[in-house]
Amino acid sequence: MQIDKATSGAPHRIVIVGGGAGGLELATRLGRKFGRRGTAEVTLIDSKRTHVWKPKLHEIAAGSMDLGDHEVPYLAQAHWHGFRFRIGRMTGLDRRAREVHVAPFVDEDGKEVTPARSFPYDTLVIAVGSQSNDFGTPGVREHALKLETVADARRFHVRMVNACVRAHAQPTPLRPEQLHVAIIGAGATGVELAAELHHTTREVVAYGLDRVDADKDIRLVLIEAAPRVLPALPERLSQATERLLRTLGVDVHTDARVAEVMADGVRLADGRVLPAELVVWAAGVKAPDFLGELDGLETNRINQLVVRPTLQTSADDDIFALGDCAACPWPDKNGFVPPRAQAAHQQAAHLYQQLQRRIAGKPMRDYRYRDFGSLVSLGEFSTVGNMMGGLTRGDLFIEGWFARLMYASLYKMHELALHGWVKVTLDTLARMITRRTEPRVKLH
């Protein structure tokens, strides 16, 4: 195995594994602070070449977002902000030698681009996010699509467009499952995807697929095991969202547990079969399985690394975890910090300050999660949510234009952390101008 060795007397080595919202923000800030000055060596490792904010994946899947406007190449970001990017998937850890093991990177043609390598660290930050949890449900791996990566979102979009074209071109009547999309899981991802698809599928059909009747032929089915949609949010928001979805024609099934995903539909535990040509699994989350085998680091039942309030792992002071892959205490709720983009953003900002203290030999300070509420985008139709924590006294339920503004601001905070005010302002103006002249739905 090839080993990247640091020279003797080298600056403090910070290795960040995972280029999601939290990992990339942290690498960017540390690179600006230390990398350019040479006072620390910051390395980001990720298995992909580019970054996209994960809450945007449902827009890519629906075809309503131009990926080129929002994709951040890791190599370019590293060059401009003073850190190094190394491509590869983390496979193991040697805590005694303080090395991260990374698998060979193989391209789309099966050719090896980089060999297996190890990267030495003085401080390691694991920020590998989360993935869907199928709970061992039969047929999910074989027949359902997930929205975990940009490739997943693109795959769904291509299949959706192909399904519309196929239905338009075939001389025979539609089969029972044709043009039916079943979305399993009515959390934020499932609800947002259903609302976005209602609009974009109709635009796709309007581009000349006149043999398809969008209102009659296209059917969106949302399936949730809990008693209501958006079960993690206040009941008032859940009810308002379900009313809107039903108004749009989305077939909502609550208290419905999936027993099996089939090639042509979904079978529920009560025996009902819901025909579907496309099935999306958006229920449940867990951290990647490999975290449970990292040289003795403690994990919980969904593979999250157990961390102390300082975000240091329970078994090793030199290893930190943030974002969805971290089981971080939330004393105010006697539980753990929820897997949300705002949590990863806050933890990245906290670690940026604390790693400066660590390098300077100062004691670490605890992280405290501030819950600013939750917002769910329903595409062209509405945005609903609740604001809390430091913004209001108690809960403030919001919807409509103001809620959409707040939802957009969450993404702007992420962009600002990566690019700064000047670039974000210019890019936003450019998007506003081109949006007036380009079609909203992308068909590639």
# chains A, B, ... in the order shown; residues from 1 in each chain; ligands from 1

$ residues_around --residues "stretch 83-86 of chain A" --least-positions-apart "3" --cutoff "12 Å" --atoms "only C-alpha atoms" --output "compact mmCIF listing (two decimals) with all heavy atoms, in the first residue's frame"
# COMPACT_ATOMS: atom_id res chain seq x y z
N ASP A 4 1.35 8.19 1.90
CA ASP A 4 1.74 9.60 1.80
C ASP A 4 2.35 10.00 3.13
O ASP A 4 1.66 10.17 4.13
CB ASP A 4 0.50 10.47 1.53
CG ASP A 4 0.09 10.40 0.09
OD1 ASP A 4 0.60 9.52 -0.61
OD2 ASP A 4 -0.77 11.20 -0.31
N ARG A 13 -1.20 18.27 10.81
CA ARG A 13 -1.89 17.63 9.69
C ARG A 13 -3.35 17.38 10.06
O ARG A 13 -3.64 16.58 10.95
CB ARG A 13 -1.20 16.32 9.33
CG ARG A 13 0.25 16.50 8.87
CD ARG A 13 0.99 15.19 8.85
NE ARG A 13 1.03 14.58 10.19
CZ ARG A 13 1.70 13.46 10.49
NH1 ARG A 13 2.37 12.82 9.54
NH2 ARG A 13 1.69 12.98 11.71
N ILE A 14 -4.24 18.06 9.35
CA ILE A 14 -5.68 17.89 9.55
C ILE A 14 -6.24 17.16 8.33
O ILE A 14 -6.13 17.64 7.20
CB ILE A 14 -6.40 19.25 9.71
CG1 ILE A 14 -5.81 20.03 10.88
CG2 ILE A 14 -7.90 19.04 9.89
CD1 ILE A 14 -6.33 21.46 10.98
N VAL A 15 -6.84 16.00 8.56
CA VAL A 15 -7.46 15.23 7.49
C VAL A 15 -8.96 15.20 7.73
O VAL A 15 -9.42 14.85 8.82
CB VAL A 15 -6.90 13.79 7.43
CG1 VAL A 15 -7.67 12.96 6.41
CG2 VAL A 15 -5.42 13.82 7.07
N ILE A 16 -9.73 15.59 6.72
CA ILE A 16 -11.19 15.59 6.79
C ILE A 16 -11.70 14.58 5.77
O ILE A 16 -11.39 14.67 4.58
CB ILE A 16 -11.76 16.99 6.46
CG1 ILE A 16 -11.19 18.02 7.44
CG2 ILE A 16 -13.28 16.98 6.50
CD1 ILE A 16 -11.44 19.46 7.02
N VAL A 17 -12.46 13.60 6.24
CA VAL A 17 -13.02 12.58 5.36
C VAL A 17 -14.49 12.88 5.15
O VAL A 17 -15.28 12.85 6.08
CB VAL A 17 -12.83 11.17 5.95
CG1 VAL A 17 -13.42 10.12 5.00
CG2 VAL A 17 -11.37 10.88 6.22
N GLY A 18 -14.86 13.17 3.90
CA GLY A 18 -16.25 13.48 3.57
C GLY A 18 -16.41 14.92 3.16
O GLY A 18 -16.20 15.84 3.96
N GLY A 19 -16.80 15.14 1.91
CA GLY A 19 -16.94 16.50 1.38
C GLY A 19 -18.36 16.96 1.26
O GLY A 19 -18.71 17.68 0.31
N GLY A 23 -18.24 18.88 5.94
CA GLY A 23 -16.84 18.61 5.64
C GLY A 23 -16.21 19.62 4.71
O GLY A 23 -15.08 20.09 4.95
N LEU A 24 -16.92 19.99 3.64
CA LEU A 24 -16.36 20.95 2.68
C LEU A 24 -16.29 22.34 3.28
O LEU A 24 -15.33 23.07 3.04
CB LEU A 24 -17.19 20.95 1.40
CG LEU A 24 -16.64 21.83 0.27
CD1 LEU A 24 -15.22 21.46 -0.08
CD2 LEU A 24 -17.54 21.74 -0.96
N GLU A 25 -17.30 22.74 4.06
CA GLU A 25 -17.24 24.05 4.72
C GLU A 25 -16.04 24.11 5.67
O GLU A 25 -15.32 25.12 5.70
CB GLU A 25 -18.52 24.31 5.49
CG GLU A 25 -19.72 24.65 4.61
CD GLU A 25 -20.95 25.03 5.41
OE1 GLU A 25 -20.79 25.38 6.61
OE2 GLU A 25 -22.07 24.97 4.86
N LEU A 26 -15.82 23.05 6.43
CA LEU A 26 -14.71 23.04 7.38
C LEU A 26 -13.37 23.09 6.65
O LEU A 26 -12.47 23.86 7.02
CB LEU A 26 -14.79 21.80 8.26
CG LEU A 26 -13.69 21.66 9.31
CD1 LEU A 26 -13.70 22.83 10.29
CD2 LEU A 26 -13.84 20.34 10.07
N ALA A 27 -13.22 22.28 5.59
CA ALA A 27 -11.97 22.27 4.83
C ALA A 27 -11.70 23.64 4.22
O ALA A 27 -10.55 24.13 4.22
CB ALA A 27 -12.02 21.21 3.74
N THR A 28 -12.73 24.28 3.69
CA THR A 28 -12.57 25.60 3.07
C THR A 28 -12.12 26.63 4.10
O THR A 28 -11.18 27.40 3.85
CB THR A 28 -13.90 26.04 2.42
OG1 THR A 28 -14.25 25.09 1.40
CG2 THR A 28 -13.77 27.41 1.80
N ARG A 29 -12.77 26.67 5.25
CA ARG A 29 -12.41 27.66 6.27
C ARG A 29 -11.02 27.40 6.83
O ARG A 29 -10.24 28.35 7.02
CB ARG A 29 -13.45 27.63 7.40
CG ARG A 29 -14.82 28.12 6.97
CD ARG A 29 -15.81 28.11 8.12
NE ARG A 29 -17.11 28.64 7.73
CZ ARG A 29 -18.09 28.90 8.57
NH1 ARG A 29 -17.94 28.66 9.87
NH2 ARG A 29 -19.25 29.38 8.14
N LEU A 30 -10.69 26.14 7.10
CA LEU A 30 -9.35 25.84 7.62
C LEU A 30 -8.28 26.10 6.57
O LEU A 30 -7.16 26.55 6.90
CB LEU A 30 -9.30 24.38 8.07
CG LEU A 30 -10.10 24.03 9.32
CD1 LEU A 30 -10.09 22.52 9.56
CD2 LEU A 30 -9.54 24.76 10.55
N GLY A 31 -8.60 25.83 5.30
CA GLY A 31 -7.63 26.11 4.25
C GLY A 31 -7.32 27.59 4.15
O GLY A 31 -6.15 27.98 4.01
N ARG A 32 -8.37 28.42 4.24
CA ARG A 32 -8.14 29.86 4.20
C ARG A 32 -7.29 30.32 5.39
O ARG A 32 -6.44 31.20 5.26
CB ARG A 32 -9.47 30.59 4.22
CG ARG A 32 -10.33 30.44 2.98
CD ARG A 32 -11.71 31.02 3.22
NE ARG A 32 -12.64 30.82 2.12
CZ ARG A 32 -13.95 30.89 2.24
NH1 ARG A 32 -14.49 31.16 3.42
NH2 ARG A 32 -14.73 30.69 1.20
N LYS A 33 -7.56 29.74 6.56
CA LYS A 33 -6.89 30.18 7.78
C LYS A 33 -5.47 29.67 7.87
O LYS A 33 -4.55 30.42 8.20
CB LYS A 33 -7.70 29.68 9.00
CG LYS A 33 -7.10 30.04 10.35
CD LYS A 33 -7.21 31.51 10.63
CE LYS A 33 -6.69 31.83 12.04
NZ LYS A 33 -6.80 33.27 12.34
N PHE A 34 -5.27 28.37 7.59
CA PHE A 34 -3.97 27.75 7.83
C PHE A 34 -3.23 27.35 6.57
O PHE A 34 -2.01 27.48 6.49
CB PHE A 34 -4.15 26.49 8.70
CG PHE A 34 -4.65 26.76 10.08
CD1 PHE A 34 -5.86 26.25 10.50
CD2 PHE A 34 -3.90 27.53 10.97
CE1 PHE A 34 -6.32 26.47 11.79
CE2 PHE A 34 -4.37 27.77 12.26
CZ PHE A 34 -5.57 27.24 12.67
N GLY A 35 -3.98 26.83 5.59
CA GLY A 35 -3.32 26.26 4.43
C GLY A 35 -2.48 27.25 3.66
O GLY A 35 -1.36 26.96 3.24
N ARG A 36 -3.03 28.44 3.45
CA ARG A 36 -2.30 29.45 2.68
C ARG A 36 -1.05 29.93 3.40
O ARG A 36 -0.06 30.32 2.78
CB ARG A 36 -3.23 30.63 2.39
CG ARG A 36 -4.36 30.30 1.41
CD ARG A 36 -5.37 31.42 1.34
NE ARG A 36 -6.39 31.19 0.31
CZ ARG A 36 -7.46 31.94 0.15
NH1 ARG A 36 -7.66 32.99 0.95
NH2 ARG A 36 -8.34 31.66 -0.79
N ARG A 37 -1.10 29.90 4.74
CA ARG A 37 0.05 30.36 5.53
C ARG A 37 1.05 29.24 5.82
O ARG A 37 2.15 29.51 6.29
CB ARG A 37 -0.43 30.94 6.85
CG ARG A 37 -1.42 32.09 6.71
CD ARG A 37 -1.93 32.53 8.06
NE ARG A 37 -2.94 33.58 7.96
CZ ARG A 37 -3.59 34.10 9.00
NH1 ARG A 37 -3.33 33.64 10.22
NH2 ARG A 37 -4.49 35.05 8.83
N GLY A 38 0.64 28.00 5.57
CA GLY A 38 1.52 26.88 5.84
C GLY A 38 1.61 26.51 7.30
O GLY A 38 2.50 25.75 7.70
N THR A 39 0.73 27.05 8.13
CA THR A 39 0.77 26.74 9.56
C THR A 39 0.06 25.43 9.89
O THR A 39 0.20 24.90 10.99
CB THR A 39 0.13 27.88 10.38
OG1 THR A 39 -1.16 28.18 9.83
CG2 THR A 39 1.00 29.13 10.30
N ALA A 40 -0.71 24.90 8.95
CA ALA A 40 -1.32 23.58 9.07
C ALA A 40 -1.54 23.04 7.67
O ALA A 40 -1.69 23.80 6.71
CB ALA A 40 -2.64 23.64 9.84
N GLU A 41 -1.56 21.72 7.55
CA GLU A 41 -1.78 21.06 6.27
C GLU A 41 -3.18 20.45 6.30
O GLU A 41 -3.45 19.55 7.09
CB GLU A 41 -0.72 19.99 6.06
CG GLU A 41 -0.77 19.31 4.72
CD GLU A 41 0.32 18.24 4.63
OE1 GLU A 41 0.05 17.09 5.01
OE2 GLU A 41 1.43 18.58 4.17
N VAL A 42 -4.07 20.94 5.45
CA VAL A 42 -5.47 20.51 5.46
C VAL A 42 -5.73 19.65 4.22
O VAL A 42 -5.50 20.10 3.09
CB VAL A 42 -6.42 21.72 5.48
CG1 VAL A 42 -7.87 21.25 5.54
CG2 VAL A 42 -6.10 22.64 6.65
N THR A 43 -6.21 18.42 4.44
CA THR A 43 -6.49 17.51 3.34
C THR A 43 -7.94 17.04 3.42
O THR A 43 -8.39 16.60 4.48
CB THR A 43 -5.57 16.28 3.39
OG1 THR A 43 -4.20 16.70 3.31
CG2 THR A 43 -5.86 15.33 2.23
N LEU A 44 -8.67 17.15 2.33
CA LEU A 44 -10.04 16.65 2.23
C LEU A 44 -10.05 15.40 1.37
O LEU A 44 -9.49 15.39 0.27
CB LEU A 44 -10.96 17.71 1.62
CG LEU A 44 -12.41 17.27 1.37
CD1 LEU A 44 -13.14 17.05 2.69
CD2 LEU A 44 -13.15 18.31 0.52
N ILE A 45 -10.70 14.34 1.86
CA ILE A 45 -10.81 13.08 1.12
C ILE A 45 -12.28 12.80 0.84
O ILE A 45 -13.11 12.86 1.74
CB ILE A 45 -10.21 11.91 1.93
CG1 ILE A 45 -8.71 12.15 2.20
CG2 ILE A 45 -10.40 10.59 1.20
CD1 ILE A 45 -8.09 11.15 3.16
N ASP A 46 -12.60 12.51 -0.42
CA ASP A 46 -13.97 12.15 -0.78
C ASP A 46 -13.93 11.22 -1.98
O ASP A 46 -12.99 11.27 -2.79
CB ASP A 46 -14.80 13.39 -1.11
CG ASP A 46 -16.30 13.09 -1.11
OD1 ASP A 46 -16.82 12.66 -2.15
OD2 ASP A 46 -16.94 13.28 -0.06
N SER A 47 -14.95 10.37 -2.10
CA SER A 47 -14.98 9.39 -3.18
C SER A 47 -15.53 9.96 -4.48
O SER A 47 -15.51 9.29 -5.51
CB SER A 47 -15.83 8.18 -2.76
OG SER A 47 -17.17 8.58 -2.47
N LYS A 48 -16.03 11.20 -4.44
CA LYS A 48 -16.56 11.85 -5.64
C LYS A 48 -15.67 13.01 -6.04
O LYS A 48 -14.86 13.51 -5.25
CB LYS A 48 -17.99 12.37 -5.38
CG LYS A 48 -18.95 11.31 -4.88
CD LYS A 48 -19.26 10.29 -5.96
CE LYS A 48 -20.37 9.34 -5.54
NZ LYS A 48 -20.02 8.51 -4.36
N ARG A 49 -15.84 13.48 -7.27
CA ARG A 49 -15.04 14.61 -7.76
C ARG A 49 -15.67 15.96 -7.44
O ARG A 49 -14.99 16.97 -7.39
CB ARG A 49 -14.86 14.51 -9.28
CG ARG A 49 -13.97 13.36 -9.74
CD ARG A 49 -13.70 13.48 -11.24
NE ARG A 49 -12.81 12.45 -11.73
CZ ARG A 49 -13.21 11.30 -12.25
NH1 ARG A 49 -14.51 11.05 -12.34
NH2 ARG A 49 -12.34 10.41 -12.68
N THR A 50 -17.00 15.95 -7.24
CA THR A 50 -17.69 17.22 -7.07
C THR A 50 -18.65 17.16 -5.88
O THR A 50 -19.07 16.08 -5.44
CB THR A 50 -18.49 17.61 -8.33
OG1 THR A 50 -19.46 16.59 -8.59
CG2 THR A 50 -17.57 17.79 -9.52
N PRO A 73 -16.54 21.63 -7.95
CA PRO A 73 -15.44 20.67 -8.12
C PRO A 73 -14.48 20.76 -6.94
O PRO A 73 -14.00 21.85 -6.59
CB PRO A 73 -14.77 21.12 -9.42
CG PRO A 73 -15.74 22.06 -10.08
CD PRO A 73 -16.51 22.69 -8.98
N TYR A 74 -14.18 19.64 -6.32
CA TYR A 74 -13.32 19.65 -5.14
C TYR A 74 -11.91 20.15 -5.45
O TYR A 74 -11.32 20.91 -4.67
CB TYR A 74 -13.22 18.24 -4.55
CG TYR A 74 -14.47 17.76 -3.86
CD1 TYR A 74 -15.11 16.59 -4.27
CD2 TYR A 74 -15.01 18.45 -2.79
CE1 TYR A 74 -16.25 16.13 -3.64
CE2 TYR A 74 -16.15 18.00 -2.15
CZ TYR A 74 -16.77 16.84 -2.58
OH TYR A 74 -17.90 16.39 -1.95
N LEU A 75 -11.37 19.74 -6.59
CA LEU A 75 -10.00 20.16 -6.93
C LEU A 75 -9.91 21.67 -7.06
O LEU A 75 -8.96 22.30 -6.56
CB LEU A 75 -9.53 19.49 -8.22
CG LEU A 75 -8.84 18.13 -8.09
CD1 LEU A 75 -8.54 17.56 -9.47
CD2 LEU A 75 -7.56 18.24 -7.27
N ALA A 76 -10.88 22.28 -7.74
CA ALA A 76 -10.86 23.73 -7.91
C ALA A 76 -11.05 24.43 -6.57
O ALA A 76 -10.36 25.42 -6.27
CB ALA A 76 -11.94 24.15 -8.91
N GLN A 77 -11.99 23.93 -5.76
CA GLN A 77 -12.23 24.54 -4.45
C GLN A 77 -10.97 24.46 -3.59
O GLN A 77 -10.61 25.43 -2.90
CB GLN A 77 -13.39 23.82 -3.76
CG GLN A 77 -13.81 24.41 -2.42
CD GLN A 77 -14.60 25.70 -2.54
OE1 GLN A 77 -14.92 26.13 -3.64
NE2 GLN A 77 -14.92 26.32 -1.42
N ALA A 78 -10.29 23.33 -3.65
CA ALA A 78 -9.06 23.16 -2.87
C ALA A 78 -7.98 24.13 -3.34
O ALA A 78 -7.27 24.74 -2.53
CB ALA A 78 -8.57 21.72 -2.99
N HIS A 79 -7.86 24.28 -4.65
CA HIS A 79 -6.84 25.18 -5.20
C HIS A 79 -7.05 26.62 -4.75
O HIS A 79 -6.10 27.31 -4.36
CB HIS A 79 -6.86 25.10 -6.73
CG HIS A 79 -6.00 26.12 -7.40
ND1 HIS A 79 -4.63 26.05 -7.42
CD2 HIS A 79 -6.33 27.28 -8.06
CE1 HIS A 79 -4.14 27.10 -8.07
NE2 HIS A 79 -5.15 27.86 -8.48
N TRP A 80 -8.31 27.07 -4.79
CA TRP A 80 -8.59 28.47 -4.49
C TRP A 80 -8.65 28.77 -2.99
O TRP A 80 -8.58 29.94 -2.60
CB TRP A 80 -9.90 28.90 -5.14
CG TRP A 80 -9.80 28.98 -6.64
CD1 TRP A 80 -10.38 28.17 -7.55
CD2 TRP A 80 -9.03 29.93 -7.39
NE1 TRP A 80 -10.04 28.53 -8.83
CE2 TRP A 80 -9.21 29.63 -8.76
CE3 TRP A 80 -8.21 31.00 -7.05
CZ2 TRP A 80 -8.60 30.35 -9.78
CZ3 TRP A 80 -7.60 31.74 -8.07
CH2 TRP A 80 -7.79 31.40 -9.41
N ARG A 89 -12.26 6.41 -1.39
CA ARG A 89 -13.24 6.03 -0.37
C ARG A 89 -12.51 5.48 0.84
O ARG A 89 -11.68 4.58 0.73
CB ARG A 89 -14.20 4.97 -0.95
CG ARG A 89 -15.21 4.42 0.04
CD ARG A 89 -16.13 3.42 -0.65
NE ARG A 89 -15.37 2.34 -1.27
CZ ARG A 89 -14.97 1.24 -0.63
NH1 ARG A 89 -15.24 1.08 0.66
NH2 ARG A 89 -14.30 0.31 -1.28
N MET A 90 -12.81 6.03 2.02
CA MET A 90 -12.19 5.55 3.24
C MET A 90 -12.63 4.12 3.52
O MET A 90 -13.81 3.79 3.48
CB MET A 90 -12.58 6.45 4.42
CG MET A 90 -11.95 6.04 5.73
SD MET A 90 -12.43 7.17 7.09
CE MET A 90 -11.53 6.43 8.45
N VAL A 100 -5.24 7.13 7.89
CA VAL A 100 -6.52 6.80 7.26
C VAL A 100 -6.24 5.98 6.02
O VAL A 100 -5.43 6.37 5.17
CB VAL A 100 -7.29 8.10 6.87
CG1 VAL A 100 -8.53 7.74 6.07
CG2 VAL A 100 -7.66 8.89 8.11
N VAL A 102 -7.40 4.44 2.43
CA VAL A 102 -8.30 4.80 1.34
C VAL A 102 -8.18 3.78 0.22
O VAL A 102 -7.07 3.40 -0.17
CB VAL A 102 -7.98 6.23 0.82
CG1 VAL A 102 -8.85 6.57 -0.38
CG2 VAL A 102 -8.19 7.24 1.94
N ALA A 103 -9.32 3.34 -0.32
CA ALA A 103 -9.33 2.34 -1.38
C ALA A 103 -8.85 2.93 -2.70
O ALA A 103 -8.87 4.16 -2.89
CB ALA A 103 -10.75 1.79 -1.55
N PRO A 104 -8.43 2.09 -3.63
CA PRO A 104 -8.11 2.58 -4.98
C PRO A 104 -9.33 3.26 -5.59
O PRO A 104 -10.46 2.84 -5.36
CB PRO A 104 -7.73 1.31 -5.74
CG PRO A 104 -7.40 0.29 -4.70
CD PRO A 104 -8.24 0.62 -3.51
N PHE A 105 -9.09 4.30 -6.38
CA PHE A 105 -10.18 4.95 -7.09
C PHE A 105 -10.20 4.43 -8.51
O PHE A 105 -9.21 4.49 -9.23
CB PHE A 105 -10.01 6.47 -7.09
CG PHE A 105 -11.09 7.18 -7.86
CD1 PHE A 105 -12.38 7.25 -7.36
CD2 PHE A 105 -10.84 7.74 -9.10
CE1 PHE A 105 -13.39 7.89 -8.06
CE2 PHE A 105 -11.83 8.39 -9.82
CZ PHE A 105 -13.11 8.45 -9.29
N VAL A 113 -7.41 4.74 -11.22
CA VAL A 113 -6.89 6.10 -11.33
C VAL A 113 -5.85 6.36 -10.25
O VAL A 113 -4.79 6.91 -10.51
CB VAL A 113 -8.04 7.13 -11.22
CG1 VAL A 113 -7.50 8.57 -11.31
CG2 VAL A 113 -9.07 6.90 -12.31
N THR A 114 -6.17 5.98 -9.03
CA THR A 114 -5.22 6.11 -7.92
C THR A 114 -5.15 4.77 -7.19
O THR A 114 -6.16 4.06 -7.09
CB THR A 114 -5.64 7.20 -6.93
OG1 THR A 114 -6.93 6.88 -6.37
CG2 THR A 114 -5.71 8.55 -7.61
N PRO A 115 -3.99 4.40 -6.65
CA PRO A 115 -3.86 3.14 -5.91
C PRO A 115 -4.40 3.27 -4.50
O PRO A 115 -4.79 4.37 -4.07
CB PRO A 115 -2.35 2.92 -5.90
CG PRO A 115 -1.79 4.32 -5.86
CD PRO A 115 -2.72 5.15 -6.71
N ALA A 116 -4.42 2.17 -3.77
CA ALA A 116 -4.74 2.22 -2.35
C ALA A 116 -3.68 3.07 -1.65
O ALA A 116 -2.49 2.96 -1.94
CB ALA A 116 -4.78 0.82 -1.76
N ARG A 117 -4.13 3.94 -0.76
CA ARG A 117 -3.20 4.84 -0.09
C ARG A 117 -3.55 4.98 1.39
O ARG A 117 -4.64 4.62 1.81
CB ARG A 117 -3.26 6.23 -0.74
CG ARG A 117 -2.76 6.28 -2.16
CD ARG A 117 -2.91 7.66 -2.77
NE ARG A 117 -4.30 7.98 -3.06
CZ ARG A 117 -4.70 9.17 -3.53
NH1 ARG A 117 -3.82 10.13 -3.74
NH2 ARG A 117 -5.98 9.39 -3.78
N SER A 118 -2.60 5.50 2.15
CA SER A 118 -2.84 5.87 3.55
C SER A 118 -2.40 7.30 3.75
O SER A 118 -1.38 7.74 3.19
CB SER A 118 -2.07 4.95 4.50
OG SER A 118 -2.63 3.66 4.51
N PHE A 119 -3.17 8.05 4.55
CA PHE A 119 -2.87 9.46 4.81
C PHE A 119 -2.67 9.66 6.31
O PHE A 119 -3.58 9.36 7.10
CB PHE A 119 -4.00 10.35 4.30
CG PHE A 119 -4.19 10.30 2.81
CD1 PHE A 119 -5.05 9.38 2.23
CD2 PHE A 119 -3.48 11.16 1.99
CE1 PHE A 119 -5.21 9.31 0.86
CE2 PHE A 119 -3.63 11.10 0.60
CZ PHE A 119 -4.50 10.18 0.04

$ closest_atom_pairs --of "stretch 148-229 of chain A" --to "stretch 282-303 of chain A" --cutoff "6 Å" --atoms "only C-alpha atoms" --output "Markdown table"
| residue | atom | partner | partner_atom | distance |
| --- | --- | --- | --- | --- |
| A:Ile184 | CA | A:Ala282 | CA | 5.5 |
| A:Gly185 | CA | A:Ala283 | CA | 4.1 |
| A:Gly190 | CA | A:Ala282 | CA | 5.8 |

$ residues_around --residues "stretch 216-231 of chain A" --least-positions-apart "6" --cutoff "10 Å" --atoms "only C-alpha atoms" --output "VMD selection string"
chain A and resid 164 167 174 176 to 191 193 to 195 197 to 198 201 to 202 205 237 to 242 245 248 to 258 266 268 274 to 276 278 to 283 376

$ write_last_selection --atoms "C-alpha atoms" --output "mmCIF file, in the first residue's frame"
data_model
loop_
_atom_site.group_PDB
_atom_site.id
_atom_site.type_symbol
_atom_site.label_atom_id
_atom_site.label_comp_id
_atom_site.auth_asym_id
_atom_site.auth_seq_id
_atom_site.Cartn_x
_atom_site.Cartn_y
_atom_site.Cartn_z
ATOM 1 C CA CYS A 164 -42.951 9.523 -20.316
ATOM 2 C CA ALA A 167 -45.791 5.894 -22.777
ATOM 3 C CA LEU A 174 -50.774 1.806 -20.536
ATOM 4 C CA PRO A 176 -51.468 -0.559 -14.549
ATOM 5 C CA GLU A 177 -48.080 0.528 -13.174
ATOM 6 C CA GLN A 178 -47.019 2.795 -16.032
ATOM 7 C CA LEU A 179 -46.355 6.451 -15.156
ATOM 8 C CA HIS A 180 -46.974 5.707 -11.470
ATOM 9 C CA VAL A 181 -44.217 6.834 -9.085
ATOM 10 C CA ALA A 182 -44.237 5.469 -5.536
ATOM 11 C CA ILE A 183 -42.209 7.415 -2.974
ATOM 12 C CA ILE A 184 -41.609 5.484 0.241
ATOM 13 C CA GLY A 185 -41.023 7.830 3.158
ATOM 14 C CA ALA A 186 -42.874 11.101 3.766
ATOM 15 C CA GLY A 187 -40.097 12.970 5.482
ATOM 16 C CA ALA A 188 -38.675 16.136 3.958
ATOM 17 C CA THR A 189 -37.064 14.341 0.982
ATOM 18 C CA GLY A 190 -40.168 12.363 0.042
ATOM 19 C CA VAL A 191 -42.559 15.287 0.420
ATOM 20 C CA LEU A 193 -39.819 15.176 -4.309
ATOM 21 C CA ALA A 194 -43.563 14.538 -4.638
ATOM 22 C CA ALA A 195 -44.369 18.237 -4.898
ATOM 23 C CA LEU A 197 -42.489 15.961 -9.551
ATOM 24 C CA HIS A 198 -46.096 17.117 -9.797
ATOM 25 C CA THR A 201 -43.732 15.780 -15.038
ATOM 26 C CA ARG A 202 -46.405 18.040 -16.482
ATOM 27 C CA VAL A 205 -45.402 16.049 -21.121
ATOM 28 C CA LEU A 237 -47.346 21.740 9.556
ATOM 29 C CA SER A 238 -47.878 18.080 8.804
ATOM 30 C CA GLN A 239 -51.610 18.568 8.297
ATOM 31 C CA ALA A 240 -51.151 21.663 6.126
ATOM 32 C CA THR A 241 -48.619 19.836 3.957
ATOM 33 C CA GLU A 242 -50.822 16.778 3.520
ATOM 34 C CA LEU A 245 -50.306 17.331 -1.460
ATOM 35 C CA LEU A 248 -52.123 18.464 -6.085
ATOM 36 C CA GLY A 249 -53.445 14.958 -6.652
ATOM 37 C CA VAL A 250 -50.730 13.113 -4.714
ATOM 38 C CA ASP A 251 -52.089 9.841 -3.302
ATOM 39 C CA VAL A 252 -50.983 9.893 0.356
ATOM 40 C CA HIS A 253 -50.916 6.677 2.408
ATOM 41 C CA THR A 254 -50.083 7.023 6.118
ATOM 42 C CA ASP A 255 -49.891 4.239 8.711
ATOM 43 C CA ALA A 256 -48.741 2.157 5.757
ATOM 44 C CA ARG A 257 -45.762 -0.141 6.300
ATOM 45 C CA VAL A 258 -44.030 -1.499 3.200
ATOM 46 C CA VAL A 266 -45.151 -1.919 -3.750
ATOM 47 C CA LEU A 268 -47.946 -3.107 1.915
ATOM 48 C CA LEU A 274 -49.807 -0.206 -5.177
ATOM 49 C CA PRO A 275 -48.731 -0.416 -8.848
ATOM 50 C CA ALA A 276 -45.676 1.708 -9.720
ATOM 51 C CA LEU A 278 -40.698 3.836 -10.494
ATOM 52 C CA VAL A 279 -40.140 3.389 -6.759
ATOM 53 C CA VAL A 280 -38.040 5.770 -4.655
ATOM 54 C CA TRP A 281 -36.906 4.727 -1.173
ATOM 55 C CA ALA A 282 -36.665 7.827 1.047
ATOM 56 C CA ALA A 283 -37.426 6.288 4.449
ATOM 57 C CA VAL A 376 -39.891 22.024 3.681
#

$ closest_atom_pairs --of "stretch 244-350 of chain A" --to "stretch 136-139 of chain A" --cutoff "8 Å" --atoms "only C-alpha atoms" --output "Markdown table"
| residue | atom | partner | partner_atom | distance |
| --- | --- | --- | --- | --- |
| A:Val258 | CA | A:Thr137 | CA | 7.6 |
| A:Ala259 | CA | A:Thr137 | CA | 6.5 |
| A:Glu260 | CA | A:Pro138 | CA | 5.0 |
| A:Val261 | CA | A:Gly139 | CA | 4.6 |
| A:Met262 | CA | A:Gly139 | CA | 5.9 |

$ decode --residues "stretch 166-172 of chain A" --atoms "C-alpha atoms" --output "mmCIF file, in the first residue's frame"
data_model
loop_
_atom_site.group_PDB
_atom_site.id
_atom_site.type_symbol
_atom_site.label_atom_id
_atom_site.label_comp_id
_atom_site.auth_asym_id
_atom_site.auth_seq_id
_atom_site.Cartn_x
_atom_site.Cartn_y
_atom_site.Cartn_z
ATOM 1 C CA ARG A 166 -42.159 5.332 -23.723
ATOM 2 C CA ALA A 167 -45.791 5.894 -22.777
ATOM 3 C CA HIS A 168 -46.196 8.443 -25.563
ATOM 4 C CA ALA A 169 -44.673 6.190 -28.239
ATOM 5 C CA GLN A 170 -46.231 2.801 -27.441
ATOM 6 C CA PRO A 171 -49.271 1.772 -29.521
ATOM 7 C CA THR A 172 -50.825 -0.310 -26.724
#
